[in-house]
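Here's the structure, in structure tokens; my notes come after.
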Amino acid sequence: MIDLRSDTVTQPTPAMRRAMAEAPVGDDVYGEDPTVNRLEALAAERLGKEAALFVPSGTMGNLISLLVVCGRGDEYIVGDNQHTYIYEAGGASAVGSIHPRVVPNLPDGTMALQAIEAAIRPDNVHFPRTRLIALENTHNRMGGRILPPEYVAQVRALADRHGLWLHGDGARLWNAAVALGASPAELAAPFDSLSVCLSKGLAAPVGSLVVGSRDFIAEARRARKVLGGGMRQAGILAAAGIVALTEMIPRLAEDHANAQRLADGLEALGYRVHRPVETNIVVFELPEPRPEDRMMSAWREQGLLVSSFGGGRFRAVTHNGIEPSHVEQALRVLATTL
Ligand SMILES: Cc1ncc(COP(=O)(O)O)c(C=O)c1O
């Protein structure tokens, strides 16, 4: 099978498995796991923040950030195509009684600045209180688009003008950094809090980190406990995360090159591609709409897996384990159904 459904299907590398087997561990809820402590220090340093917290998933990282900043009935501004709004089971409202204020995402993954500003509530007893703006970089549903750094700086300025918190869902911030030739810390700088994933293109089996100020992370640690995310000898997992951060980031460039190859090939076949393809995600459509499940099972029968975004759109994600020859084979399969 050529599995392009997601970069979450990556397998831990041999170096990760060795590091996991050999990791010194302790009880992390007591703060005594040396490998978790090392990973958190490394992540804070790489992202230029005071502190970091190891969490089981990106979903939990985003939810923790919202829970720390927003109280019951408060509101956060989020794009209508962002992961936190669509794919995190409504956690903000289900768990935190936090109300989402939804603003359209534009095709480049941004939300119009005027639309964000218009969504901020005036101080009035009728309204929820706006507390936080959430961005996503890279933007999954918009085809792995990178938020322009100057745009993020403008949202930061807007948040400052209104006294709001800026949270980043940086599940694939590493991809943005590699594609821009920027440091992860530069891209993280405008955010008060940021969650980043180890378990996507970086191929660790489990884990994300939330980064921010020391005070924020102290509160985040409490919120993680509330959610049942306090783990004990979690160094076994963190060890793979250290390998992810120290060895796996530069190779994301290969995923980006493979995504370009795939996008070019799809267009040559007559598919429509959400352009530009800037990182490792290719969103594409058939020239004429056809039932998605029929297409996906035809491809599956020939050994190719992609995911569906609904509305006739499909997503293919390149990752560790996908080679140029797999892209060629995927295109041969995709050619058979046109
Ligand atoms: C943009 C984005 N944010 C957050 C997440 C959540 O990560 P997790 O699956 O670890 O909860 C994902 C997962 O694919 C994602 O694509």
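Residue numbering restarts at 1 in every chain; chains get A, B, ... in the order shown in the structure tokens, and ligands count up from 1 in that same order.
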
Practice problem: Looking only at helix (DSSP H, G or I) from DSSP on the backbone, list the matching residues of range 116-263 of chain A as a ChimeraX atom specification. | Solution: /A:116-119,149-162,173-180,184-188,214-226,235-247,252-263

Quiz item: Can you list, as an MDAnalysis selection string, every protein, DNA or RNA residue that comes within 12 Å of range 292-295 of chain A when you count only C-alpha atoms, leaving out same-chain residues fewer than 5 positions away?
Solution: chainID A and resid 284:286 300:302 304:315 333:338

Quiz item: Quick one: residues within 8 Å of ligand 1, with only C-alpha atoms and all ligand atoms, as a ChimeraX atom specification?
Solution: /A:6-8,56-62,82-84,87-88,136-140,169-172,197,199-200,206-208

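Distance annotation: of A:Val25, A:Val196, A:Ala134, A:Ala115, the residue with the minimal separation from Trp165 in chain A is A:Ala134; atom set is only C-alpha atoms.
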
Quiz item: So which residues of range 54-301 of chain A fall under strand (DSSP E or B) by DSSP, listed as a PyMOL selection string?
Solution: chain A and resi 54-55+75-79+99-103+130-136+139+145+165-170+193-197+208-212+272-273+281-285

Quick one: which range 29-143 of chain A residues come within 7 Å of range 238-258 of chain A, and what is the nearest atom pair for each with the distance in Å to one decimal, counting only C-alpha atoms, rows ordered by chain and ascending number, as CSV?
residue,atom,partner,partner_atom,distance
A:Thr35,CA,A:Ala238,CA,6.1
A:Val36,CA,A:Ala238,CA,5.3
A:Leu39,CA,A:Ile242,CA,5.6

Quiz item: Residues at most 12 Å from Glu117 in chain A, counting only C-alpha atoms, excluding those fewer than 5 positions away in the same chain, as a ChimeraX atom specification?
Solution: /A:77,101,103,111-112,122,130,132-133,154-162,164

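With only C-alpha atoms as the atoms that count, the minimum distance from Leu147 in chain A to the choices A:Glu278, A:Asp27, A:Glu328, A:Glu323 is reached by A:Glu278.
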
Quiz item: Leaving out Phe127 in chain A and any residue of its chain fewer than 3 positions from it, which residues lie within 10 Å of it when counting only C-alpha atoms, given as a PyMOL selection string?
Solution: chain A and resi 73-75+121-124+130

Same residues, N, CA, C and O atoms, saved as a short mmCIF file (atom, residue, chain, number, x, y, z; two decimals), in the first residue's frame:
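For reference, result.cif as written:
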data_model
loop_
_atom_site.label_atom_id
_atom_site.label_comp_id
_atom_site.auth_asym_id
_atom_site.auth_seq_id
_atom_site.Cartn_x
_atom_site.Cartn_y
_atom_site.Cartn_z
N GLY A 73 -17.91 30.48 28.92
CA GLY A 73 -18.65 31.53 28.22
C GLY A 73 -17.77 32.53 27.48
O GLY A 73 -18.27 33.40 26.78
N ASP A 74 -16.46 32.41 27.63
CA ASP A 74 -15.57 33.28 26.85
C ASP A 74 -15.54 32.78 25.41
O ASP A 74 -15.96 31.66 25.10
N GLU A 75 -14.99 33.62 24.55
CA GLU A 75 -15.03 33.29 23.13
C GLU A 75 -13.61 33.27 22.56
O GLU A 75 -12.75 34.06 22.97
N ARG A 121 -15.53 41.07 20.19
CA ARG A 121 -16.74 41.61 20.82
C ARG A 121 -16.45 42.90 21.57
O ARG A 121 -15.45 42.99 22.29
N PRO A 122 -17.37 43.88 21.43
CA PRO A 122 -17.25 45.05 22.30
C PRO A 122 -17.59 44.67 23.74
O PRO A 122 -18.22 43.63 23.97
N ASP A 123 -17.15 45.49 24.67
CA ASP A 123 -17.43 45.23 26.08
C ASP A 123 -18.88 45.60 26.36
O ASP A 123 -19.23 46.77 26.45
N ASN A 124 -19.71 44.58 26.46
CA ASN A 124 -21.15 44.80 26.59
C ASN A 124 -21.71 43.56 27.25
O ASN A 124 -21.34 42.44 26.88
N THR A 130 -14.33 38.16 24.18
CA THR A 130 -13.31 37.60 23.30
C THR A 130 -11.99 37.54 24.06
O THR A 130 -11.59 38.54 24.68
#

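Using only C-alpha atoms, the smallest distance between any of A:Pro190, A:Gly163, A:Gly144, A:Gly212 and Ser65 in chain A comes from A:Gly212.
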
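Distances to Met231 in chain A were evaluated for A:Leu67, A:Ala23, A:Val29, A:Val95 using only C-alpha atoms, and the minimum falls at A:Val29.
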
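Of the residues listed (A:Gln329, A:Ser195, A:Gln233, A:Thr110), A:Gln329 shows the shortest atom-to-atom separation from Arg261 in chain A; distances use only C-alpha atoms.
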
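CA of Ala52 in chain A is found 25.9 Å from CA of Asn280 in chain A.
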
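Across the structure, CA of Ser183 in chain A and CA of Val152 in chain A are spaced 15.0 Å apart.
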